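File shown here: coords.cif, holding mmCIF, C-alpha atoms.
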```cif
data_my_file
#
loop_
_atom_site.label_atom_id
_atom_site.label_comp_id
_atom_site.auth_asym_id
_atom_site.auth_seq_id
_atom_site.Cartn_x
_atom_site.Cartn_y
_atom_site.Cartn_z
CA MET I 1 -6.96 -27.39 -11.93
CA PRO I 2 -3.58 -29.07 -11.20
CA TYR I 3 -3.34 -31.17 -8.04
CA MET I 4 -0.80 -28.82 -6.45
CA VAL I 5 -3.22 -25.91 -6.86
CA ARG I 6 -6.18 -27.89 -5.54
CA GLY I 7 -4.19 -28.58 -2.38
CA THR I 8 -3.15 -25.00 -1.59
CA TYR I 9 -5.83 -22.80 -3.09
CA PRO I 10 -8.75 -23.58 -0.67
CA ARG I 11 -6.50 -22.74 2.30
CA GLU I 12 -5.41 -19.54 0.59
CA LEU I 13 -9.00 -18.54 -0.17
CA ARG I 14 -10.22 -19.19 3.39
CA SER I 15 -7.49 -17.08 4.96
CA TRP I 16 -7.70 -14.15 2.52
CA THR I 17 -11.48 -13.91 2.82
CA LEU I 18 -11.26 -13.52 6.59
CA LEU I 19 -8.41 -11.03 6.28
CA ALA I 20 -10.44 -9.07 3.72
CA VAL I 21 -13.04 -8.33 6.40
CA ALA I 22 -10.41 -6.58 8.51
CA LEU I 23 -8.83 -4.89 5.50
CA GLY I 24 -12.23 -3.49 4.49
CA GLY I 25 -12.09 -1.25 7.55
CA VAL I 26 -9.04 0.58 6.23
CA GLU I 27 -10.15 1.00 2.63
CA GLY I 28 -9.35 4.61 1.69
CA GLY I 29 -12.95 5.48 0.86
CA ILE I 30 -14.24 4.16 4.18
CA THR I 31 -11.66 5.67 6.52
CA GLY I 32 -11.68 8.92 4.57
CA VAL I 33 -15.44 9.32 5.06
CA ILE I 34 -15.21 8.38 8.76
CA VAL I 35 -12.45 10.92 9.37
CA LYS I 36 -14.21 13.70 7.44
CA ASN I 37 -17.48 13.23 9.31
CA ALA I 38 -16.35 12.17 12.80
CA PHE I 39 -13.92 15.07 13.27
CA ALA I 40 -15.97 17.80 11.52
CA GLY I 41 -16.11 20.79 13.87
CA ALA I 42 -13.51 19.31 16.23
CA VAL I 43 -10.39 20.30 14.24
CA ASP I 44 -9.40 22.92 11.66
CA PRO I 45 -11.30 22.22 8.39
CA VAL I 46 -8.23 22.54 6.13
CA LEU I 47 -6.20 20.27 8.43
CA LEU I 48 -9.09 17.81 8.36
CA ASN I 49 -9.12 17.75 4.55
CA PHE I 50 -5.41 16.94 4.47
CA ALA I 51 -6.01 14.19 7.05
CA VAL I 52 -8.63 12.80 4.66
CA ALA I 53 -5.99 12.85 1.93
CA LEU I 54 -3.61 10.82 4.09
CA VAL I 55 -6.11 8.10 5.00
CA ALA I 56 -7.60 7.97 1.49
CA GLY I 57 -4.09 7.55 0.11
CA ALA I 58 -2.98 5.17 2.89
CA PRO I 59 -3.41 1.99 0.78
CA ALA I 60 -0.84 3.38 -1.66
CA LEU I 61 1.15 5.55 0.78
CA SER I 62 1.93 2.54 2.99
CA HIS I 63 4.00 1.02 0.18
CA VAL I 64 6.62 3.77 0.28
CA LEU I 65 8.73 1.69 2.68
CA SER I 66 7.97 -1.66 1.06
CA TRP I 67 11.67 -2.05 0.24
CA VAL I 68 12.03 -2.80 3.96
CA TRP I 69 9.99 -5.97 3.53
CA ALA I 70 12.06 -7.20 0.58
CA GLY I 71 15.18 -7.00 2.72
CA VAL I 72 13.78 -8.20 6.06
CA SER I 73 12.15 -11.26 4.50
CA GLN I 74 15.27 -12.42 2.63
CA GLY I 75 16.06 -15.95 3.78
CA CYS I 76 13.01 -16.11 6.09
CA ASP I 77 10.25 -18.72 6.10
CA LYS I 78 7.64 -16.93 3.97
CA ILE I 79 4.53 -18.49 5.54
CA ARG I 80 5.61 -17.74 9.11
CA PHE I 81 6.60 -14.21 8.11
CA LEU I 82 3.20 -13.63 6.49
CA ILE I 83 1.31 -14.78 9.59
CA ILE I 84 3.18 -12.30 11.80
CA VAL I 85 2.67 -9.33 9.46
CA GLN I 86 -1.01 -10.19 8.87
CA SER I 87 -1.58 -10.22 12.64
CA LEU I 88 0.12 -6.83 13.12
CA CYS I 89 -2.07 -5.38 10.36
CA CYS I 90 -5.23 -6.52 12.15
CA LEU I 91 -4.05 -5.26 15.56
CA SER I 92 -3.48 -1.78 14.08
CA LEU I 93 -7.26 -1.42 13.68
CA LEU I 94 -7.52 -1.13 17.46
CA LEU I 95 -5.74 2.25 17.25
CA ILE I 96 -8.57 3.55 15.08
CA ALA I 97 -11.16 2.30 17.58
CA ALA I 98 -9.37 4.05 20.47
CA ALA I 99 -9.07 7.50 18.84
CA PRO I 100 -10.73 10.37 20.81
CA ILE I 101 -12.49 13.13 18.87
CA ASN I 102 -9.83 15.84 19.07
CA SER I 103 -6.56 16.73 17.34
CA PRO I 104 -4.48 13.98 19.01
CA GLY I 105 -7.29 11.54 18.23
CA LEU I 106 -7.20 12.56 14.58
CA ALA I 107 -3.46 11.83 14.52
CA LEU I 108 -4.08 8.46 16.20
CA MET I 109 -6.78 7.46 13.70
CA VAL I 110 -4.70 8.53 10.70
CA GLY I 111 -1.67 6.76 12.16
CA GLY I 112 -3.65 3.56 12.78
CA ALA I 113 -4.96 3.51 9.20
CA ILE I 114 -1.48 4.10 7.73
CA LEU I 115 0.13 1.54 10.04
CA ALA I 116 -2.43 -1.13 9.12
CA ARG I 117 -1.80 -0.53 5.43
CA PHE I 118 1.98 -0.50 6.00
CA PHE I 119 1.82 -4.00 7.48
CA TRP I 120 -0.45 -5.06 4.62
CA SER I 121 2.20 -3.84 2.17
CA GLY I 122 4.48 -6.44 3.76
CA VAL I 123 1.83 -9.06 3.15
CA THR I 124 1.53 -8.01 -0.49
CA THR I 125 5.30 -8.05 -1.05
CA ILE I 126 5.87 -11.54 0.39
CA ARG I 127 2.62 -12.99 -0.94
CA SER I 128 3.98 -12.34 -4.43
CA SER I 129 6.68 -14.98 -3.90
CA VAL I 130 4.17 -17.50 -2.49
CA TRP I 131 1.81 -17.05 -5.42
CA ARG I 132 4.66 -17.34 -7.93
CA ALA I 133 5.76 -20.61 -6.31
CA ASN I 134 2.33 -22.19 -5.93
CA TYR I 135 0.53 -21.22 -9.15
CA PRO I 136 1.65 -21.49 -12.80
CA ARG I 137 1.95 -18.19 -14.71
CA GLU I 138 -0.83 -19.07 -17.16
CA MET I 139 -3.24 -19.49 -14.23
CA LEU I 140 -1.94 -16.65 -12.05
CA ALA I 141 -4.36 -13.95 -13.21
CA SER I 142 -7.46 -16.13 -12.91
CA MET I 143 -6.40 -17.58 -9.54
CA SER I 144 -5.56 -14.21 -8.02
CA GLY I 145 -8.71 -12.86 -9.65
CA ARG I 146 -10.83 -15.28 -7.63
CA LEU I 147 -9.08 -14.22 -4.44
CA ILE I 148 -9.58 -10.54 -5.26
CA THR I 149 -13.23 -11.21 -6.14
CA MET I 150 -14.02 -12.79 -2.79
CA GLY I 151 -12.13 -10.05 -0.98
CA ALA I 152 -13.94 -7.32 -2.90
CA LEU I 153 -17.37 -8.73 -2.07
CA LEU I 154 -16.55 -8.92 1.62
CA MET I 155 -14.90 -5.49 1.74
CA GLY I 156 -17.88 -3.97 -0.08
CA GLY I 157 -20.19 -5.54 2.48
CA VAL I 158 -18.02 -4.24 5.31
CA GLY I 159 -18.27 -0.75 3.83
CA ILE I 160 -22.07 -0.87 3.80
CA GLY I 161 -22.10 -2.20 7.38
CA VAL I 162 -19.72 0.52 8.59
CA GLY I 163 -21.77 3.19 6.79
CA ILE I 164 -25.03 2.04 8.39
CA ALA I 165 -23.36 1.93 11.82
CA MET I 166 -21.86 5.42 11.41
CA ASP I 167 -25.21 6.90 10.33
CA TRP I 168 -26.78 5.27 13.41
CA HIS I 169 -24.09 6.47 15.84
CA GLY I 170 -21.31 8.94 15.10
CA GLU I 171 -18.70 6.94 17.06
CA ALA I 172 -19.78 3.44 16.06
CA PHE I 173 -16.23 2.81 14.80
CA ARG I 174 -15.24 2.17 18.43
CA TYR I 175 -17.29 -1.03 18.42
CA VAL I 176 -17.02 -2.05 14.78
CA TYR I 177 -13.24 -2.00 14.38
CA PRO I 178 -12.38 -4.43 17.24
CA VAL I 179 -14.78 -6.93 15.63
CA LEU I 180 -13.09 -6.48 12.23
CA ALA I 181 -9.68 -6.98 13.88
CA LEU I 182 -10.82 -10.22 15.52
CA VAL I 183 -12.11 -11.65 12.23
CA GLY I 184 -8.82 -10.74 10.52
CA LEU I 185 -6.75 -12.37 13.27
CA THR I 186 -8.74 -15.57 12.72
CA GLY I 187 -7.71 -15.45 9.05
CA ALA I 188 -4.06 -14.90 9.95
CA TYR I 189 -4.15 -17.88 12.34
CA SER I 190 -5.70 -20.12 9.68
CA TYR I 191 -2.79 -19.34 7.31
CA ARG I 192 -0.53 -21.54 9.45
CA ARG I 193 -1.78 -24.54 7.43
CA MET I 194 -0.54 -23.03 4.18
CA ARG I 195 2.46 -24.53 2.37
CA MET I 196 4.83 -23.01 -0.19
CA ARG I 197 6.23 -25.19 -2.97
CA HIS I 198 10.02 -25.30 -3.43
CA GLN I 199 10.57 -22.90 -0.53
CA LYS I 200 13.98 -24.38 0.32
CA ARG I 201 15.14 -23.81 -3.25
CA LEU I 202 13.86 -20.22 -3.16
CA LEU I 203 15.54 -19.48 0.18
CA ALA I 204 18.81 -20.88 -1.19
CA ALA I 205 18.55 -18.60 -4.25
CA GLU I 206 17.80 -15.60 -1.99
CA ALA I 207 20.81 -16.47 0.18
CA GLY I 208 22.96 -16.53 -2.96
CA ASN I 209 21.68 -13.10 -4.00
CA LEU I 210 22.31 -11.84 -0.46
CA ARG I 211 25.95 -12.97 -0.58
CA ARG I 212 26.55 -11.56 -4.07
CA GLU I 213 24.64 -8.29 -3.86
CA GLY I 214 23.94 -7.58 -0.19
CA SER I 215 20.62 -6.98 1.53
CA MET I 216 17.72 -5.63 -0.51
CA SER I 217 16.72 -3.52 2.51
CA ASN I 218 18.97 -0.87 0.97
CA PRO I 219 16.57 1.09 -1.31
CA PHE I 220 19.40 2.32 -3.55
CA ARG I 221 20.46 -1.26 -4.19
CA LEU I 222 16.86 -2.21 -4.81
CA PHE I 223 16.47 0.43 -7.50
CA LYS I 224 19.39 -1.02 -9.43
CA LEU I 225 16.65 -3.22 -10.88
CA LEU I 226 15.32 -0.18 -12.75
CA ARG I 227 18.73 0.57 -14.21
CA ARG I 228 19.22 -3.03 -15.32
CA ASP I 229 15.77 -3.57 -16.82
CA ASP I 230 14.86 -0.94 -19.41
CA THR I 231 11.42 -2.39 -20.18
CA PHE I 232 10.44 -2.54 -16.51
CA ARG I 233 11.69 1.03 -16.02
CA ARG I 234 9.50 2.30 -18.88
CA TYR I 235 6.55 0.38 -17.46
CA MET I 236 7.08 1.94 -14.01
CA SER I 237 7.27 5.43 -15.55
CA LEU I 238 3.91 5.00 -17.25
CA MET I 239 2.41 3.49 -14.10
CA PHE I 240 3.51 6.63 -12.26
CA LEU I 241 1.29 8.70 -14.57
CA LEU I 242 -1.66 6.32 -14.50
CA GLY I 243 -1.49 5.66 -10.77
CA GLY I 244 -0.84 9.32 -10.03
CA GLY I 245 -4.04 10.38 -11.77
CA ASN I 246 -6.09 7.74 -9.97
CA LEU I 247 -4.61 8.59 -6.56
CA MET I 248 -5.21 12.30 -7.05
CA LEU I 249 -8.90 11.55 -7.51
CA MET I 250 -10.19 9.88 -4.32
CA ALA I 251 -9.27 12.28 -1.48
CA PRO I 252 -10.73 15.39 -3.18
CA LEU I 253 -13.78 13.33 -4.17
CA ILE I 254 -14.49 12.47 -0.51
CA VAL I 255 -14.21 16.16 0.40
CA ILE I 256 -16.43 17.20 -2.53
CA LEU I 257 -19.13 14.66 -1.68
CA ASN I 258 -19.22 16.01 1.88
CA GLU I 259 -19.01 19.73 1.12
CA HIS I 260 -20.85 20.05 -2.22
CA MET I 261 -23.18 17.08 -2.77
CA ASP I 262 -25.19 16.83 0.50
CA LEU I 263 -24.87 13.05 0.93
CA SER I 264 -25.12 10.94 4.11
CA GLN I 265 -22.12 8.99 5.42
CA LEU I 266 -23.67 5.77 4.13
CA GLN I 267 -24.12 7.26 0.64
CA GLN I 268 -20.55 8.61 0.65
CA ILE I 269 -19.11 5.21 1.64
CA ILE I 270 -21.27 3.35 -0.89
CA ILE I 271 -20.12 5.63 -3.73
CA THR I 272 -16.41 5.77 -2.83
CA SER I 273 -15.97 2.18 -1.66
CA SER I 274 -18.88 -0.29 -1.61
CA ILE I 275 -20.18 0.02 -5.18
CA PRO I 276 -16.69 -0.16 -6.75
CA LEU I 277 -15.84 -3.19 -4.61
CA LEU I 278 -19.12 -4.98 -5.36
CA VAL I 279 -18.77 -4.31 -9.11
CA MET I 280 -15.22 -5.68 -9.24
CA PRO I 281 -16.19 -9.40 -9.15
CA PHE I 282 -18.20 -9.00 -12.36
CA ALA I 283 -15.32 -7.26 -14.16
CA ILE I 284 -12.40 -9.32 -12.85
CA PRO I 285 -13.01 -12.45 -15.02
CA ILE I 286 -12.96 -10.33 -18.18
CA TRP I 287 -9.73 -8.58 -17.20
CA ALA I 288 -8.18 -11.87 -15.98
CA ARG I 289 -8.77 -13.59 -19.34
CA MET I 290 -7.15 -10.64 -21.07
CA LEU I 291 -4.12 -10.61 -18.75
CA ASP I 292 -3.65 -14.39 -18.90
CA THR I 293 -3.03 -14.20 -22.65
CA ARG I 294 -0.80 -11.14 -23.07
CA HIS I 295 2.11 -9.21 -21.60
CA VAL I 296 1.10 -6.64 -18.98
CA ILE I 297 2.21 -3.73 -21.23
CA HIS I 298 -0.23 -4.83 -23.96
CA TYR I 299 -2.83 -5.31 -21.22
CA ARG I 300 -2.34 -1.79 -19.81
CA ALA I 301 -2.64 -0.30 -23.30
CA LYS I 302 -6.32 -1.31 -23.11
CA GLN I 303 -7.07 -1.25 -19.37
CA SER I 304 -5.82 2.33 -18.84
CA TRP I 305 -8.66 3.70 -20.97
CA ALA I 306 -11.21 2.35 -18.49
CA ALA I 307 -9.69 4.55 -15.78
CA THR I 308 -9.85 7.58 -18.07
CA VAL I 309 -13.53 7.07 -18.88
CA MET I 310 -14.20 6.76 -15.15
CA ILE I 311 -12.54 10.11 -14.36
CA ILE I 312 -14.56 11.78 -17.14
CA ALA I 313 -17.74 10.52 -15.46
CA VAL I 314 -16.54 11.80 -12.06
CA LEU I 315 -15.70 15.20 -13.56
CA ILE I 316 -19.16 15.52 -15.10
CA ALA I 317 -20.87 14.43 -11.85
CA VAL I 318 -19.05 16.76 -9.45
CA THR I 319 -19.02 19.85 -11.68
CA THR I 320 -22.75 19.62 -12.49
CA GLN I 321 -23.81 18.10 -9.13
CA TRP I 322 -25.55 15.38 -11.10
CA HIS I 323 -26.15 12.71 -8.46
CA ALA I 324 -27.18 9.99 -10.91
CA MET I 325 -23.84 10.32 -12.71
CA LEU I 326 -22.06 9.75 -9.38
CA TRP I 327 -23.52 6.25 -9.25
CA VAL I 328 -22.47 5.62 -12.85
CA ALA I 329 -18.97 6.84 -12.00
CA ALA I 330 -18.85 4.50 -8.99
CA VAL I 331 -19.67 1.53 -11.24
CA LEU I 332 -17.01 2.59 -13.75
CA TYR I 333 -14.53 3.00 -10.90
CA GLY I 334 -15.16 -0.61 -9.91
CA VAL I 335 -14.61 -1.82 -13.48
CA SER I 336 -11.40 0.18 -13.73
CA GLN I 337 -10.12 -0.89 -10.32
CA ALA I 338 -10.74 -4.56 -11.10
CA GLY I 339 -8.40 -4.39 -14.07
CA GLY I 340 -5.95 -2.14 -12.29
CA MET I 341 -5.70 -4.36 -9.21
CA LEU I 342 -5.08 -7.49 -11.28
CA GLY I 343 -2.31 -5.80 -13.25
CA TRP I 344 -0.83 -4.27 -10.11
CA ASN I 345 -0.69 -7.57 -8.21
CA ILE I 346 0.88 -9.76 -10.88
CA GLY I 347 2.13 -7.53 -13.73
CA HIS I 348 5.70 -7.50 -12.41
CA HIS I 349 5.94 -11.27 -13.01
CA ASP I 350 6.24 -10.51 -16.75
CA PHE I 351 9.61 -8.91 -15.98
CA ALA I 352 10.97 -10.80 -12.93
CA PRO I 353 12.76 -14.15 -12.64
CA PRO I 354 11.27 -16.29 -9.81
CA GLU I 355 14.00 -15.57 -7.24
CA ARG I 356 13.54 -11.81 -7.77
CA ALA I 357 9.73 -11.66 -7.78
CA ALA I 358 9.54 -10.07 -4.31
CA GLN I 359 12.25 -7.54 -5.25
CA TYR I 360 10.47 -6.46 -8.44
CA MET I 361 7.21 -6.21 -6.50
CA SER I 362 8.99 -4.16 -3.85
CA VAL I 363 10.18 -1.63 -6.44
CA HIS I 364 6.66 -1.45 -7.83
CA MET I 365 5.19 -0.98 -4.35
CA THR I 366 7.75 1.63 -3.31
CA LEU I 367 6.97 3.74 -6.36
CA THR I 368 3.25 3.28 -5.62
CA GLY I 369 3.96 4.52 -2.09
CA MET I 370 5.66 7.63 -3.43
CA ARG I 371 2.54 8.35 -5.48
CA GLY I 372 0.41 7.63 -2.42
CA LEU I 373 2.41 10.13 -0.37
CA PHE I 374 2.23 13.05 -2.80
CA MET I 375 -0.77 12.69 -5.10
CA PRO I 376 -3.69 12.66 -2.60
CA LEU I 377 -2.15 15.63 -0.78
CA ALA I 378 -1.60 17.37 -4.13
CA GLY I 379 -5.22 16.71 -5.07
CA VAL I 380 -6.56 18.20 -1.83
CA ALA I 381 -4.14 21.15 -2.07
CA LEU I 382 -5.31 21.81 -5.62
CA TYR I 383 -8.93 21.61 -4.49
CA GLN I 384 -8.26 24.12 -1.67
CA LEU I 385 -6.47 26.51 -4.04
CA VAL I 386 -9.31 26.45 -6.59
CA GLU I 387 -11.87 26.93 -3.81
CA MET I 388 -9.93 29.90 -2.45
CA ALA I 389 -9.58 31.49 -5.90
CA SER I 390 -13.16 30.74 -6.97
CA PRO I 391 -15.46 29.48 -4.19
CA GLY I 392 -17.68 26.61 -5.33
CA ASN I 393 -15.46 25.63 -8.27
CA GLY I 394 -13.12 23.28 -6.39
CA PRO I 395 -14.55 20.21 -8.19
CA TRP I 396 -12.96 21.45 -11.45
CA MET I 397 -9.59 20.29 -10.10
CA MET I 398 -10.59 16.86 -11.48
CA VAL I 399 -9.32 18.09 -14.87
CA VAL I 400 -5.74 17.51 -13.65
CA PRO I 401 -6.02 13.75 -12.84
CA LEU I 402 -7.88 13.36 -16.12
CA ALA I 403 -4.94 14.90 -18.00
CA LEU I 404 -2.48 12.55 -16.25
CA ASN I 405 -4.54 9.50 -17.18
CA ILE I 406 -4.85 10.53 -20.81
CA ALA I 407 -1.07 10.95 -21.02
CA ALA I 408 -0.64 7.45 -19.53
CA CYS I 409 -3.07 5.93 -22.03
CA PHE I 410 -1.13 7.20 -25.02
CA GLY I 411 2.15 6.22 -23.36
CA PHE I 412 1.01 2.61 -22.94
CA LEU I 413 -0.21 2.52 -26.53
CA ASN I 414 3.22 3.61 -27.76
CA ALA I 415 4.99 1.14 -25.44
CA SER I 416 2.78 -1.70 -26.68
CA ARG I 417 3.50 -0.88 -30.32
CA ARG I 418 7.23 -0.67 -29.58
CA MET I 419 7.18 -4.08 -27.87
CA ARG I 420 5.32 -5.65 -30.79
CA ARG I 421 7.94 -4.27 -33.22
CA GLU I 422 10.73 -5.68 -31.03
CA GLU I 423 8.97 -9.06 -30.83
CA ALA I 424 8.53 -9.13 -34.61
CA ALA I 425 12.18 -8.20 -35.19
CA ALA I 426 13.34 -10.99 -32.84
CA LYS I 427 11.56 -13.68 -34.86
#
```

Translate the structure described by the file into structure tokens.
Amino acid sequence: MPYMVRGTYPRELRSWTLLAVALGGVEGGITGVIVKNAFAGAVDPVLLNFAVALVAGAPALSHVLSWVWAGVSQGCDKIRFLIIVQSLCCLSLLLIAAAPINSPGLALMVGGAILARFFWSGVTTIRSSVWRANYPREMLASMSGRLITMGALLMGGVGIGVGIAMDWHGEAFRYVYPVLALVGLTGAYSYRRMRMRHQKRLLAAEAGNLRREGSMSNPFRLFKLLRRDDTFRRYMSLMFLLGGGNLMLMAPLIVILNEHMDLSQLQQIIITSSIPLLVMPFAIPIWARMLDTRHVIHYRAKQSWAATVMIIAVLIAVTTQWHAMLWVAAVLYGVSQAGGMLGWNIGHHDFAPPERAAQYMSVHMTLTGMRGLFMPLAGVALYQLVEMASPGNGPWMMVVPLALNIAACFGFLNASRRMRREEAAAK
């Protein structure tokens, strides 16, 4: 490990592990289960299911305004900016803890979850520039993989703890979430010791871009990147299919587990959140080695099939009410998410020059946010329509996300073959 990495990485790891504890409280599977169970009987059931869709999709939905972060952070000290946004993310958890069990309380809890993830989208956008500066590209996947691994273990543990607390007391979130916020704030405070290599050079390059092209807080200007970069545009189109299928899955799954499968809150959280998170550390090293040695398009041509196999397992489990297959599907979801998260966090670096890393990531995150806004709601709406037309058959809506994923798989295969032909022709 190079000296520069040895100096920064332990500080990075310490901060992100503490922040992961707070972030675990707003994982879509955890907040979705809490909302579905805590407000059952207190609000309209259909409204409640759409609220579940919003909080389950919040990790992706929050990115829809990520272009704001690319513009606001231009020319700013990246470490100081990250500390502020990390702290605001943690403080948002207090809104969840304060929510009363009624319709305004449901809005407050949903708003708190979305707000926390919105601030975290700022962390993700700016962190991209810090990682690009501090770690060489050939080590980026393995280094970020270790950070994701530690975070996944802690977030999985948080999910189990929250599930046990919620089974013990229906409003335990009032006591648990302030503790999670305090741990996260400790992580944000510890990040003050972090340093970013060549930050002055980066800020000078950003200032030059600002003078030439204007602020990137204008989303239309930001999306000029897609017009300029054909390969990145094709990659984003295929990610829209793959990510859309995955995001359509979780919100209806939480509803189905509650309404069709007769599982406790702890079991629901373990299946939708804890098992996938705890499996991820075992799968990440395999995916990281693959991503370290190839372009992200070639990587996605293989990784996307893992997500498709996972949805097949979910479809079998929920349509047959086969509980054992649910646990298999949860493991497969963890394997798929491990590869997906690695590619999502650093895949844009295969297209972006260093001074534009945050801008490319912002485009990627904004498109993810658009998927997060529409696809969970579409999944729940589809579930409600199937249930209305044929009561008890709502779980069959899982055929639609499966079809989207299959289309993405073949799209990535074609894109990979096209890139290999272009690489061969260039030699």

Apply the PyMOL selection byres ((chain I and resi 36) around 12) to the structure shown and report the selected residues as a PyMOL selection string. chain I and resi 28-35+37-56+101+106+109-110+166+170+251-259+264-265+268-269

I:Met248, I:Met419, I:Val279, I:Ala165 ranked by distance to I:Gly379, top pick (using all atoms listed in the file): I:Met248

Proximity of stretch 232-267 of chain I to stretch 330-337 of chain I: per-residue shortest pair, 12 Å limit, only C-alpha atoms, as JSON lines:
```
{"residue": "I:Leu242", "atom": "CA", "partner": "I:Ser336", "partner_atom": "CA", "distance": 11.5}
{"residue": "I:Gly243", "atom": "CA", "partner": "I:Gln337", "partner_atom": "CA", "distance": 10.8}
{"residue": "I:Asn246", "atom": "CA", "partner": "I:Gln337", "partner_atom": "CA", "distance": 9.5}
{"residue": "I:Leu247", "atom": "CA", "partner": "I:Gln337", "partner_atom": "CA", "distance": 11.6}
{"residue": "I:Leu249", "atom": "CA", "partner": "I:Tyr333", "partner_atom": "CA", "distance": 10.8}
{"residue": "I:Met250", "atom": "CA", "partner": "I:Tyr333", "partner_atom": "CA", "distance": 10.5}
{"residue": "I:Leu253", "atom": "CA", "partner": "I:Ala330", "partner_atom": "CA", "distance": 11.3}
{"residue": "I:Gln267", "atom": "CA", "partner": "I:Ala330", "partner_atom": "CA", "distance": 11.3}
```

Write out as lines of an AutoDock Vina configuration file an axis-aligned box for stretch 376-388 of chain I: all of its atoms listed in the file, 3 Å added on each side, centre and edge lengths in Å with one decimal.
```
center_x = -6.7
center_y = 21.3
center_z = -3.7
size_x = 16.3
size_y = 23.2
size_z = 11.8
```

Ranking I:Lys78, I:His63, I:Arg117, I:Arg193 by minimum distance to I:Val26 and counting all atoms listed in the file, which one comes first? I:Arg117

I'd like to know which of I:Ser66, I:Trp16, I:Ala378, I:Ile297 is closest to I:Thr366, using all atoms listed in the file. I:Ser66

For I:Met398, which of I:Thr319, I:Asn345, I:Ser416, I:Thr368 is the closest residue, counting only C-alpha atoms?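 Comparing I:Thr319, I:Asn345, I:Ser416, I:Thr368 against I:Met398, the winner is I:Thr319.
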
Residues picked by the PyMOL selection byres ((chain I and resi 149-160) around 9) here, as a PyMOL selection string? chain I and resi 13+16-25+27+29-30+144-148+161-165+180+266-267+269-270+273-282+284-285+338

One decimal, in Å: what's the spacing between atom CA of I:Leu61 and atom CA of I:Met236?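 Pair atom CA of I:Leu61 / atom CA of I:Met236 returns 16.3 Å.
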
To verify the selection step, state as a PyMOL selection string which residues the PyMOL selection byres ((chain I and resi 392) around 12) yields on this input. chain I and resi 256+259-261+318-321+383-391+393-397

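You can rank I:Gly244, I:Glu422, I:Val399, I:Val183 by their closest distance to I:Leu377 using all atoms listed in the file, and at the top of that list sits I:Gly244.
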